[in-house]
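Just below is one structure, and these are the notes that go with it.
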Amino acid sequence: METRVETVRSTEHAVVVGAGIGGLTTALALGRTGWRVTVLEQAAAVGEVGAGIQLSPNGVRVLSSLGVLDRLLPTTFRPEAVEMRLGRSGRHVFRIELAETAVRRWGAPYLHVHRADLLDALLAATTGSGLDITLRTGSAVRSYEQDREQVTAVLDSGRRVSGSLLVGADGIHSVIRGQMLGTGEPRFTGHVAWRVTVPIERLGRDAPPPTACLWVGEGRHAITYRLRGGALANLVAVVERDAWRGESWTERGTREDALADFAGWHPTITTVLREADAHYRWALFDREPLENWTDGRVALLGDACHPMLPYLAQGATMAIEDAQVLADRLEAHRLEAQGLEAQGLERPGDMPRALRSYAATRRPRTARVQAGSRQNGQRFHQGGRFAHLPLWFLGKLAPRVYHRRLDWLYGHRVS
């Protein structure tokens with residue numbers, strides 16, 4: 001199946017592997033700077049996958065600049081606050097106001113959105129805005145080839161798609177990363193997440209609060225928030241395991257196992273687990289930051305180069321940031337070359353130079369987020385009466401300190 005919008009043709013053609021959040025944002029960012037883009041997606045359709053996503057202001061600003069936010073906003077939910085509660089009793093550890101504070105302090109709202117709704121908004125922006133972007137589904141890429149002039153994606157079907165740039169946005173199991181750097185063995189973190197969604201109307205008095213709410217306990221934690229204008233409850237509930245095989249977002253578990261993992265917890269958690277129609281299990285694997293994201297005319301992006309544990313809620317947002325920085329670096333490189341040519345001077349190197357600049361810009365920030373996510377995963381599972389006393393102090397007595405601690409993350413501007 002192919003969706004195509006034709007406009008004025010660019011002399012530059014980018015091949016993007018993967019039509020997830022990172023891939024579609026990349027296509028849009030490149031398309032808006034004049035690139036012709038072909039997106040290759042192995043699935044037969046870009047459909048409803050995953051569940052909730054937390055979009056912090058640093059990512060929302062990028063989506064706004066790309067013309068996506070207006071399409072997305074009607075499907076989102078804006079949490080009133082971020083809060084922490086004890087998993088069994090529901091007792092508050094802290095609550096920090098977020099709704100108006102995010103806009104005032106970081107220049108954009110903090111939003112909760114269903115992954116499918118974000119993909120729909122990105123698809124609408126890429127195929128309905130007159131940009132020269134082609135989406136080819138059912139197009140699994142098995143390898144790439146390149147020379148000094150172009151790079152070619154080789155599909156399982158034997159078909160070949162060539163351009164001057166190839167972006168590997170094909171996720172944590174990236175084929176492009178595998179060819180570039182080897183597959184490598186991920187490290188199982190010892191954490192397995194249950195993911196469920198339930199209509200709010202089915203939960204009654206046990207519906208989760210209209211916040212980004214973290215529920216903590218020894219050896220496990222949960223996160224609840226609302227989606228689709230508040231009509232849908234989203235739960236991610238993480239428990240420790242000694243061993244696990246496989247790394248999948250779509251493995252099914254049972255209601256009984258999920259309830260057993262959180263037996264004795266607050267009714268908000270157990271009611272959501274009981275009322276859910278489907279219970280997905282997601283084993284969390286970790287990888288050390290990569291030293292290299294590029295190979296000539298090929299660059300990695302999003303989970304292909306920096307898979308994120310979910311404990312800072314930045315996986316999708318880091319891919320969105322990557323896409324904008326990549327487009328910005330390529331455009332800066334093009335303008336620099338044009339300026340020198342106009343003066344009769346030699347062009348400043350080739351495209352690999354621009355891709356290395358993109359990677360050098362992004363690596364320190366994504367590595368810091370990876371490290372912060374890993375640390376939060378350890379903090380959330382602490383036990384004991386006073387385990388969360390520092391966070392209680394931070395939230396109760398010094399909310400401005402809490403906000404200041406997040407300035408580097410939420411206040412970051414990629415352009």
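Please note that chains go A, B, ... in the order of the structure tokens, that every chain numbers its residues from 1, and that ligands are numbered from 1 in the order shown.
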
Shell around region 114-117 of chain A at 10 Å using only C-alpha atoms, local window under 5 positions removed, as a list in words: Gly20, Ile21, Val46, Gly47, Glu48, Val49, Gly50, Ala51, Gly52, Ile53, Gln54, Arg71, Leu72, Leu73, Pro74, Thr75, Thr76, Phe77, Leu122, Leu123, Thr197, Arg226, Leu227, Arg228, Leu232, Asn234 and Ala316 of chain A

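In the backbone-derived DSSP annotation, strand (DSSP E) within region 3-82 of chain A comprises Thr3, Arg4, Val5, His13, Ala14, Val15, Val16, Val17, Arg36, Val37, Thr38, Val39, Leu40, Gly52, Ile53, Gln54, Leu55, Ala81 and Val82 of chain A.
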
Please write the residues from the selection above to a file, keeping N, CA, C and O atoms, as a PDB file, in the first residue's frame.
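Writing the result to selection_26.pdb gives the following:
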ATOM      1  N   THR A   3       0.962   5.629   0.014  1.00  0.00           N
ATOM      2  CA  THR A   3       0.310   6.931   0.111  1.00  0.00           C
ATOM      3  C   THR A   3       1.297   7.961  -0.375  1.00  0.00           C
ATOM      4  O   THR A   3       2.420   8.029   0.115  1.00  0.00           O
ATOM      5  N   ARG A   4       0.927   8.815  -1.326  1.00  0.00           N
ATOM      6  CA  ARG A   4       1.895   9.689  -1.951  1.00  0.00           C
ATOM      7  C   ARG A   4       1.314  11.087  -2.150  1.00  0.00           C
ATOM      8  O   ARG A   4       0.165  11.246  -2.511  1.00  0.00           O
ATOM      9  N   VAL A   5       2.150  12.082  -1.877  1.00  0.00           N
ATOM     10  CA  VAL A   5       1.805  13.470  -2.152  1.00  0.00           C
ATOM     11  C   VAL A   5       2.932  14.058  -2.983  1.00  0.00           C
ATOM     12  O   VAL A   5       4.090  14.041  -2.571  1.00  0.00           O
ATOM     13  N   HIS A  13      17.206  13.263  -1.941  1.00  0.00           N
ATOM     14  CA  HIS A  13      16.222  12.235  -1.614  1.00  0.00           C
ATOM     15  C   HIS A  13      16.693  11.504  -0.362  1.00  0.00           C
ATOM     16  O   HIS A  13      17.817  11.002  -0.311  1.00  0.00           O
ATOM     17  N   ALA A  14      15.838  11.427   0.658  1.00  0.00           N
ATOM     18  CA  ALA A  14      16.140  10.707   1.884  1.00  0.00           C
ATOM     19  C   ALA A  14      15.293   9.450   1.960  1.00  0.00           C
ATOM     20  O   ALA A  14      14.094   9.480   1.661  1.00  0.00           O
ATOM     21  N   VAL A  15      15.895   8.358   2.367  1.00  0.00           N
ATOM     22  CA  VAL A  15      15.198   7.102   2.612  1.00  0.00           C
ATOM     23  C   VAL A  15      15.160   6.897   4.121  1.00  0.00           C
ATOM     24  O   VAL A  15      16.211   6.833   4.775  1.00  0.00           O
ATOM     25  N   VAL A  16      13.954   6.826   4.675  1.00  0.00           N
ATOM     26  CA  VAL A  16      13.779   6.642   6.112  1.00  0.00           C
ATOM     27  C   VAL A  16      13.239   5.244   6.344  1.00  0.00           C
ATOM     28  O   VAL A  16      12.188   4.875   5.801  1.00  0.00           O
ATOM     29  N   VAL A  17      13.935   4.459   7.161  1.00  0.00           N
ATOM     30  CA  VAL A  17      13.518   3.086   7.453  1.00  0.00           C
ATOM     31  C   VAL A  17      12.773   3.089   8.780  1.00  0.00           C
ATOM     32  O   VAL A  17      13.346   3.355   9.831  1.00  0.00           O
ATOM     33  N   ARG A  36      12.935  15.389  -0.689  1.00  0.00           N
ATOM     34  CA  ARG A  36      12.027  14.329  -1.123  1.00  0.00           C
ATOM     35  C   ARG A  36      12.313  13.128  -0.242  1.00  0.00           C
ATOM     36  O   ARG A  36      13.466  12.734  -0.055  1.00  0.00           O
ATOM     37  N   VAL A  37      11.263  12.546   0.333  1.00  0.00           N
ATOM     38  CA  VAL A  37      11.446  11.506   1.341  1.00  0.00           C
ATOM     39  C   VAL A  37      10.629  10.269   0.990  1.00  0.00           C
ATOM     40  O   VAL A  37       9.462  10.374   0.612  1.00  0.00           O
ATOM     41  N   THR A  38      11.256   9.102   1.125  1.00  0.00           N
ATOM     42  CA  THR A  38      10.552   7.830   1.039  1.00  0.00           C
ATOM     43  C   THR A  38      10.684   7.121   2.378  1.00  0.00           C
ATOM     44  O   THR A  38      11.795   6.914   2.868  1.00  0.00           O
ATOM     45  N   VAL A  39       9.543   6.778   2.972  1.00  0.00           N
ATOM     46  CA  VAL A  39       9.532   6.061   4.238  1.00  0.00           C
ATOM     47  C   VAL A  39       9.186   4.606   3.961  1.00  0.00           C
ATOM     48  O   VAL A  39       8.162   4.309   3.344  1.00  0.00           O
ATOM     49  N   LEU A  40      10.038   3.698   4.428  1.00  0.00           N
ATOM     50  CA  LEU A  40       9.850   2.267   4.223  1.00  0.00           C
ATOM     51  C   LEU A  40       9.447   1.622   5.550  1.00  0.00           C
ATOM     52  O   LEU A  40      10.198   1.672   6.527  1.00  0.00           O
ATOM     53  N   GLY A  52      -0.202   4.360  26.025  1.00  0.00           N
ATOM     54  CA  GLY A  52      -0.001   5.761  26.347  1.00  0.00           C
ATOM     55  C   GLY A  52       1.433   6.235  26.187  1.00  0.00           C
ATOM     56  O   GLY A  52       2.382   5.469  26.314  1.00  0.00           O
ATOM     57  N   ILE A  53       1.552   7.536  25.900  1.00  0.00           N
ATOM     58  CA  ILE A  53       2.839   8.223  25.829  1.00  0.00           C
ATOM     59  C   ILE A  53       2.712   9.518  26.621  1.00  0.00           C
ATOM     60  O   ILE A  53       1.706  10.219  26.519  1.00  0.00           O
ATOM     61  N   GLN A  54       3.745   9.835  27.386  1.00  0.00           N
ATOM     62  CA  GLN A  54       3.817  11.141  28.022  1.00  0.00           C
ATOM     63  C   GLN A  54       4.715  12.026  27.171  1.00  0.00           C
ATOM     64  O   GLN A  54       5.868  11.692  26.915  1.00  0.00           O
ATOM     65  N   LEU A  55       4.161  13.145  26.717  1.00  0.00           N
ATOM     66  CA  LEU A  55       4.899  14.095  25.890  1.00  0.00           C
ATOM     67  C   LEU A  55       5.220  15.324  26.731  1.00  0.00           C
ATOM     68  O   LEU A  55       4.331  16.096  27.081  1.00  0.00           O
ATOM     69  N   ALA A  81      -1.203  17.576  37.503  1.00  0.00           N
ATOM     70  CA  ALA A  81      -0.007  17.574  38.338  1.00  0.00           C
ATOM     71  C   ALA A  81       0.762  16.283  38.101  1.00  0.00           C
ATOM     72  O   ALA A  81       0.272  15.350  37.453  1.00  0.00           O
ATOM     73  N   VAL A  82       1.973  16.238  38.642  1.00  0.00           N
ATOM     74  CA  VAL A  82       2.715  14.991  38.770  1.00  0.00           C
ATOM     75  C   VAL A  82       2.725  14.656  40.256  1.00  0.00           C
ATOM     76  O   VAL A  82       2.917  15.549  41.103  1.00  0.00           O
TER      77      VAL A  82
END

7 Å contact set for Gly302 (chain A), only C-alpha atoms, chain neighbours under 2 positions out, as an MDAnalysis selection string: chainID A and resid 22 169 171 304:307 318:319 322

Export of the given selection (N, CA, C and O atoms) as a PDB file, in the first residue's frame:
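result_26.pdb, written as the output of this step:
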ATOM      1  N   GLY A  22       9.595   8.223  15.490  1.00  0.00           N
ATOM      2  CA  GLY A  22      10.839   8.824  15.031  1.00  0.00           C
ATOM      3  C   GLY A  22      10.921   8.933  13.522  1.00  0.00           C
ATOM      4  O   GLY A  22      11.332   9.962  12.979  1.00  0.00           O
ATOM      5  N   ALA A 169      15.472   4.481  11.466  1.00  0.00           N
ATOM      6  CA  ALA A 169      14.541   4.771  12.560  1.00  0.00           C
ATOM      7  C   ALA A 169      13.684   3.539  12.805  1.00  0.00           C
ATOM      8  O   ALA A 169      12.479   3.641  13.048  1.00  0.00           O
ATOM      9  N   GLY A 171      13.737   1.205  15.199  1.00  0.00           N
ATOM     10  CA  GLY A 171      13.449   0.714  16.533  1.00  0.00           C
ATOM     11  C   GLY A 171      14.549  -0.079  17.193  1.00  0.00           C
ATOM     12  O   GLY A 171      15.677  -0.197  16.713  1.00  0.00           O
ATOM     13  N   ALA A 304      16.705   3.037  17.742  1.00  0.00           N
ATOM     14  CA  ALA A 304      17.750   2.321  17.012  1.00  0.00           C
ATOM     15  C   ALA A 304      19.130   2.603  17.585  1.00  0.00           C
ATOM     16  O   ALA A 304      20.030   1.763  17.486  1.00  0.00           O
ATOM     17  N   CYS A 305      19.310   3.782  18.194  1.00  0.00           N
ATOM     18  CA  CYS A 305      20.631   4.125  18.735  1.00  0.00           C
ATOM     19  C   CYS A 305      20.623   4.436  20.223  1.00  0.00           C
ATOM     20  O   CYS A 305      21.689   4.383  20.859  1.00  0.00           O
ATOM     21  N   HIS A 306      19.477   4.768  20.805  1.00  0.00           N
ATOM     22  CA  HIS A 306      19.457   5.050  22.245  1.00  0.00           C
ATOM     23  C   HIS A 306      18.133   4.585  22.863  1.00  0.00           C
ATOM     24  O   HIS A 306      17.329   5.394  23.313  1.00  0.00           O
ATOM     25  N   PRO A 307      17.891   3.275  22.934  1.00  0.00           N
ATOM     26  CA  PRO A 307      16.654   2.790  23.558  1.00  0.00           C
ATOM     27  C   PRO A 307      16.571   3.270  24.997  1.00  0.00           C
ATOM     28  O   PRO A 307      17.553   3.257  25.738  1.00  0.00           O
ATOM     29  N   MET A 318      12.641  11.853  22.849  1.00  0.00           N
ATOM     30  CA  MET A 318      14.026  11.891  22.366  1.00  0.00           C
ATOM     31  C   MET A 318      14.098  11.612  20.866  1.00  0.00           C
ATOM     32  O   MET A 318      14.899  12.215  20.147  1.00  0.00           O
ATOM     33  N   ALA A 319      13.251  10.713  20.365  1.00  0.00           N
ATOM     34  CA  ALA A 319      13.212  10.469  18.919  1.00  0.00           C
ATOM     35  C   ALA A 319      12.713  11.695  18.168  1.00  0.00           C
ATOM     36  O   ALA A 319      13.218  12.027  17.083  1.00  0.00           O
ATOM     37  N   ASP A 322      15.551  14.105  18.083  1.00  0.00           N
ATOM     38  CA  ASP A 322      16.534  13.638  17.101  1.00  0.00           C
ATOM     39  C   ASP A 322      16.163  14.098  15.693  1.00  0.00           C
ATOM     40  O   ASP A 322      17.009  14.580  14.929  1.00  0.00           O
TER      41      ASP A 322
END

For Val196 (chain A), the nearest of the candidates A:Asp261, A:Glu240, A:Glu256, A:Asp277, counting only C-alpha atoms: A:Asp277

Selection: 10 Å around Glu291 (chain A), only C-alpha atoms, excl. self and same-chain fewer than 3 positions, as a VMD selection string: chain A and resid 288 294 305 359 to 360 363

Picked from region 104-332 of chain A by DSSP as alpha helix (DSSP H), as a short mmCIF file (atom, residue, chain, number, x, y, z; two decimals) with N, CA and C atoms, in the first residue's frame:
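That gives us result.cif:
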data_model
loop_
_atom_site.label_atom_id
_atom_site.label_comp_id
_atom_site.auth_asym_id
_atom_site.auth_seq_id
_atom_site.Cartn_x
_atom_site.Cartn_y
_atom_site.Cartn_z
N ARG A 104 4.01 27.93 31.52
CA ARG A 104 4.67 29.14 32.00
C ARG A 104 6.19 28.98 32.09
N ARG A 105 6.64 27.84 32.56
CA ARG A 105 8.07 27.67 32.81
C ARG A 105 8.83 27.15 31.58
N TRP A 106 8.21 26.22 30.84
CA TRP A 106 8.92 25.56 29.75
C TRP A 106 8.35 25.86 28.37
N ARG A 115 -0.45 6.43 21.71
CA ARG A 115 0.55 6.29 20.63
C ARG A 115 -0.11 6.30 19.26
N ALA A 116 -1.25 5.63 19.13
CA ALA A 116 -1.94 5.58 17.83
C ALA A 116 -2.39 6.96 17.40
N ASP A 117 -2.83 7.79 18.33
CA ASP A 117 -3.28 9.14 17.98
C ASP A 117 -2.11 10.00 17.51
N LEU A 118 -0.95 9.83 18.14
CA LEU A 118 0.24 10.57 17.70
C LEU A 118 0.66 10.11 16.30
N LEU A 119 0.64 8.82 16.06
CA LEU A 119 0.97 8.32 14.73
C LEU A 119 -0.02 8.84 13.68
N ASP A 120 -1.30 8.87 14.02
CA ASP A 120 -2.29 9.39 13.08
C ASP A 120 -2.03 10.86 12.75
N ALA A 121 -1.68 11.66 13.78
CA ALA A 121 -1.41 13.07 13.54
C ALA A 121 -0.17 13.26 12.68
N LEU A 122 0.86 12.45 12.92
CA LEU A 122 2.06 12.53 12.10
C LEU A 122 1.78 12.09 10.67
N LEU A 123 1.00 11.04 10.50
CA LEU A 123 0.64 10.59 9.15
C LEU A 123 -0.14 11.67 8.41
N ALA A 124 -1.09 12.29 9.09
CA ALA A 124 -1.88 13.34 8.45
C ALA A 124 -1.00 14.50 8.04
N ALA A 125 0.00 14.82 8.87
CA ALA A 125 0.89 15.94 8.55
C ALA A 125 1.82 15.61 7.39
N THR A 126 2.28 14.36 7.31
CA THR A 126 3.22 14.00 6.25
C THR A 126 2.53 13.80 4.91
N THR A 127 1.30 13.30 4.92
CA THR A 127 0.64 12.98 3.65
C THR A 127 -0.38 14.01 3.21
N VAL A 175 17.49 -3.22 12.04
CA VAL A 175 18.30 -3.90 11.03
C VAL A 175 19.48 -3.02 10.62
N ILE A 176 19.22 -1.71 10.51
CA ILE A 176 20.28 -0.79 10.10
C ILE A 176 21.39 -0.75 11.15
N ARG A 177 21.01 -0.66 12.41
CA ARG A 177 22.00 -0.70 13.48
C ARG A 177 22.78 -2.01 13.47
N GLY A 178 22.08 -3.11 13.23
CA GLY A 178 22.74 -4.41 13.21
C GLY A 178 23.83 -4.48 12.15
N GLN A 179 23.54 -3.95 10.96
CA GLN A 179 24.56 -3.97 9.91
C GLN A 179 25.70 -3.01 10.24
N MET A 180 25.36 -1.85 10.79
CA MET A 180 26.36 -0.84 11.06
C MET A 180 27.31 -1.24 12.19
N LEU A 181 26.75 -1.81 13.26
CA LEU A 181 27.54 -1.99 14.48
C LEU A 181 27.50 -3.40 15.04
N ARG A 255 -4.78 -11.90 33.10
CA ARG A 255 -5.30 -11.05 34.17
C ARG A 255 -4.87 -11.59 35.54
N GLU A 256 -4.90 -12.90 35.69
CA GLU A 256 -4.57 -13.52 36.97
C GLU A 256 -3.11 -13.25 37.35
N ASP A 257 -2.20 -13.36 36.39
CA ASP A 257 -0.79 -13.10 36.68
C ASP A 257 -0.56 -11.63 37.04
N ALA A 258 -1.22 -10.74 36.31
CA ALA A 258 -1.06 -9.31 36.59
C ALA A 258 -1.57 -8.97 37.99
N LEU A 259 -2.73 -9.49 38.35
CA LEU A 259 -3.29 -9.23 39.68
C LEU A 259 -2.43 -9.85 40.78
N ALA A 260 -1.83 -11.00 40.50
CA ALA A 260 -0.96 -11.63 41.49
C ALA A 260 0.28 -10.78 41.73
N ASP A 261 0.81 -10.17 40.68
CA ASP A 261 2.00 -9.32 40.83
C ASP A 261 1.72 -8.10 41.70
N PRO A 267 -6.75 -0.10 45.43
CA PRO A 267 -7.82 -0.48 44.49
C PRO A 267 -7.72 0.20 43.12
N THR A 268 -7.13 1.40 43.04
CA THR A 268 -6.97 2.02 41.72
C THR A 268 -6.17 1.12 40.80
N ILE A 269 -5.11 0.51 41.31
CA ILE A 269 -4.25 -0.35 40.49
C ILE A 269 -4.94 -1.67 40.20
N THR A 270 -5.46 -2.31 41.23
CA THR A 270 -6.04 -3.63 41.02
C THR A 270 -7.33 -3.58 40.20
N THR A 271 -8.10 -2.50 40.34
CA THR A 271 -9.32 -2.39 39.54
C THR A 271 -9.00 -2.21 38.06
N VAL A 272 -8.01 -1.39 37.74
CA VAL A 272 -7.62 -1.24 36.33
C VAL A 272 -7.16 -2.58 35.77
N LEU A 273 -6.34 -3.31 36.52
CA LEU A 273 -5.87 -4.61 36.05
C LEU A 273 -7.03 -5.60 35.88
N ARG A 274 -7.99 -5.57 36.78
CA ARG A 274 -9.12 -6.50 36.71
C ARG A 274 -10.04 -6.17 35.54
N GLU A 275 -10.25 -4.87 35.26
CA GLU A 275 -11.19 -4.47 34.22
C GLU A 275 -10.61 -4.47 32.82
N GLY A 315 11.23 8.35 25.90
CA GLY A 315 11.57 7.57 24.71
C GLY A 315 11.08 8.21 23.41
N ALA A 316 9.78 8.50 23.32
CA ALA A 316 9.23 9.10 22.12
C ALA A 316 9.77 10.51 21.92
N THR A 317 9.89 11.26 23.01
CA THR A 317 10.33 12.65 22.90
C THR A 317 11.77 12.75 22.42
N MET A 318 12.64 11.85 22.85
CA MET A 318 14.03 11.89 22.37
C MET A 318 14.10 11.61 20.87
N ALA A 319 13.25 10.71 20.36
CA ALA A 319 13.21 10.47 18.92
C ALA A 319 12.71 11.70 18.17
N ILE A 320 11.73 12.38 18.74
CA ILE A 320 11.21 13.61 18.12
C ILE A 320 12.29 14.68 18.08
N GLU A 321 13.02 14.83 19.17
CA GLU A 321 14.14 15.78 19.18
C GLU A 321 15.20 15.39 18.15
N ASP A 322 15.55 14.11 18.08
CA ASP A 322 16.53 13.64 17.10
C ASP A 322 16.16 14.10 15.69
N ALA A 323 14.90 13.89 15.34
CA ALA A 323 14.45 14.19 13.99
C ALA A 323 14.66 15.65 13.64
N GLN A 324 14.31 16.55 14.57
CA GLN A 324 14.47 17.98 14.29
C GLN A 324 15.94 18.36 14.20
N VAL A 325 16.78 17.83 15.09
CA VAL A 325 18.21 18.15 15.03
C VAL A 325 18.83 17.64 13.74
N LEU A 326 18.46 16.43 13.32
CA LEU A 326 18.99 15.90 12.06
C LEU A 326 18.63 16.83 10.90
N ALA A 327 17.36 17.22 10.81
CA ALA A 327 16.96 18.13 9.72
C ALA A 327 17.68 19.46 9.81
N ASP A 328 17.84 19.99 11.01
CA ASP A 328 18.53 21.27 11.19
C ASP A 328 19.99 21.19 10.76
N ARG A 329 20.67 20.11 11.14
CA ARG A 329 22.09 19.97 10.78
C ARG A 329 22.27 19.82 9.27
N LEU A 330 21.39 19.08 8.65
CA LEU A 330 21.48 18.92 7.19
C LEU A 330 21.20 20.24 6.49
N GLU A 331 20.22 21.00 6.99
CA GLU A 331 19.92 22.29 6.37
C GLU A 331 21.06 23.28 6.58
N ALA A 332 21.65 23.29 7.77
CA ALA A 332 22.78 24.18 8.02
C ALA A 332 23.95 23.83 7.11
#

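Distances here use only C-alpha atoms; by that measure, the residue among A:Gly18, A:Gly411, A:Gly67, A:Gly296 closest to Ser139 (chain A) is A:Gly18.
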
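The shortest atom-to-atom distance to Leu66 (chain A), with only C-alpha atoms taken into account, belongs to A:Arg32 out of A:His112, A:Arg400, A:Arg32, A:His92.
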